[in-house]
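A.B. asks: Below you will find the structure I want to go over with you.
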Amino acid sequence: MDVFQQAVIRSVFMALDSKPRVRFAPSPTGYLHVGGARTALFNWLFARHEGGTFILRIEDTDVERNRPELVEGILQGLRWLGVEWDEGPYFQSQRLESYRAAAEKLLKDGAAYPCFCQAVQYAGADAAPEGEEGGKIARSAPCPCRDLTSTQREQKIRDGAPYAIRFASPREGVTQFEDAVFGPREVQNAEIEDFVILRSSGLPTYQLGAVVDDMAMGITHVIRGADHLSNTPKQVLLYRALDGALPIFAHVPLILGPDRTRLSKRHGATSVSLYADEGFLPEAFRNFLALLGWSPGSDEEFLLTSELISRFALSGVSRTNGVFDRAKLEWFNSQYLQRLPVGELLPYVKSELQRSGLWRDSWDSSEREWFAHTVDLLRPRTRLLPDFSHWARAFFSDDFDYDPEARGKFWKDPKVPDLLAKLADALDALADWNHDACDHALRALAESAGVKAGLLINATRVAIVGRAVA
RNA sequence: GGCGAUAUCGUCUAAAGGUUAGGACGGAGCCCUCUCAAGGCUCAAAUCCGGGUUCGAGUCCCGGUAUCGCUACCA
């Protein structure tokens, strides 16, 4: 029994277990971008909702573009997002023999053939060839190798000619499948070209690698970006040729930039890690991402992870591409900054203050309560984590001569250092830590110094500060 | 060029053929307030266009348009 046959048996065995098995399969050609993160999130939410298994697989079969060092960044991005995998990561580069075995089987069955043509360089999406009469020529001619006799093939192989393996798509008939999001699909087989499944280097292409692995790993639901919708008929053909049971496909719409083109580097921040660095909370990012292309069917939008899990269903996934709206993401973040139990927020504030060098260990021990109260007081006015070390800096630092941008008349007022120094004491003395009580304390303090109290809270809002100094 | 998909406020979306087409972000305004936020209230803002089917269409069908995707020995 070869590796491929083992895989088939394994997939049949796994299909007996009714729990869904899903996977996220990024390729390490870049960082984890928001589109990939959303796909991963949907897979994860689905798995958690169904009590299934979420598998991580690294599709690293493109030696040219592959950057192994990027894998760790992708894993970190997923961890930050809170999307933890149950199996893997598996690496396709370590499973090469099973793809080769599958290709051999297809070759033997006559479902595939060796192609001795020169590999054509991808010319770009707009490379419409020009015909003599205004460009009406088919873009690529069918590969002639399909019609070679077996003696001709053997001869070429004996001569040492390099070859790729192409799938021999049926020339007639239709291929059908059901998509959980887009509904029933049907394409003419004549539209499906003889695509390469194994490169002349012996490495598999995406189509083969994905199908062989999804079969071997017992994947029951293939949830991925809608850019793969058009490729799915090819994969259905492969499943059939390999005697594999078809999974349920679910294609999720793409995420676009503000100009409605596919989100890419030129749209600025597309890497998940950038949002982590900017000071977004993972919970907020998750909530935002979940609602981009999925709706619970009701008006609720503030959904904690546990609610997302219990309400997630493929039937709520949209078919329309969506624009990534940063303003709404920021709104979600400010909501989570305010509504999260303060205890859950403190670790994030701590690491933010550590990052900016303001952290003091006593806030974790003897002054723990003071720290919690101060954060609680400050948080309605924050939008991003770094706000705690910028405009709220006066609450955590004795050094008032900081951020040059933040300097205004207020900071040049000789009364200020003394005032701020008294602030912690005043807040400390409060019996009741509600917002009103803090306001009262601030006002009393400010009045005695002849300064408007709002200034203290608005530490770095220069314009207001400037006009309001008594 | 070929094939396919999609189409509701600027954006994310709701409305299992029957609602004054709802909510949220963003925008405008008011309230609260010694500031800035948060919070509360109000306003502006959409069914791509054209034909059908139906008593009745955002919803079903057909055409057009636009957008996106695939059309690589990328994934």
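Residues are named by chain letter and number: chains run A, B, ... in the order of the structure tokens, numbers start at 1 in each chain, and ligands are numbered from 1 in the order shown.
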For chain B, which residues have at least one atom within 12 Å of chain A, if we go by only C-alpha atoms (C1' of nucleotides)? Write them as a ChimeraX atom specification, please.
C.D. replies: /B:1-8,10-16,22-26,33-39,67-75
A.B. asks: Just how far from atom CA of A:Leu32 is atom CA of A:Ala250, in Å to one decimal?
C.D. replies: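 These atoms are spaced 20.8 Å apart.
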A.B. asks: Any idea what the distance is between atom CA of A:Ala216 and atom CA of A:Ile309?
C.D. replies: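 Atom-to-atom, atom CA of A:Ala216 to atom CA of A:Ile309, that is 26.9 Å.
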A.B. asks: Could you pull out the strand (DSSP E or B) residues of stretch 97-340 of chain A from DSSP and send them as a VMD selection string?
C.D. replies: chain A and resid 112 to 115 164 to 167 174 to 179 183 to 188 196 to 198 204 221 to 225 248 to 252 255 to 256 262 271 294 317 322 to 323
A.B. asks: Applying 10 Å and only C-alpha atoms (C1' of nucleotides), which residues near A:Asp364 remain after dropping the ones on its own chain fewer than 6 positions away? List them as a PyMOL selection string.
C.D. replies: chain A and resi 346-347+350+370-372
A.B. asks: Store the residues of this selection in a file with C-alpha atoms, as a PDB file, in the first residue's frame.
C.D. replies:
```pdb
ATOM      1  CA  LEU A 346      -5.245  45.657  32.853  1.00  0.00           C
ATOM      2  CA  PRO A 347      -2.780  43.241  31.228  1.00  0.00           C
ATOM      3  CA  LYS A 350       0.378  47.021  31.528  1.00  0.00           C
ATOM      4  CA  TRP A 370      -4.861  52.394  42.522  1.00  0.00           C
ATOM      5  CA  PHE A 371      -3.801  51.201  39.096  1.00  0.00           C
ATOM      6  CA  ALA A 372      -7.092  49.458  38.411  1.00  0.00           C
TER       7      ALA A 372
END
```
A.B. asks: Considering only alpha helix (DSSP H) as DSSP defines it on the backbone, what residues of stretch 283-405 of chain A qualify? List them as a ChimeraX atom specification.
C.D. replies: /A:283-290,305-311,326-339,342-355,368-378
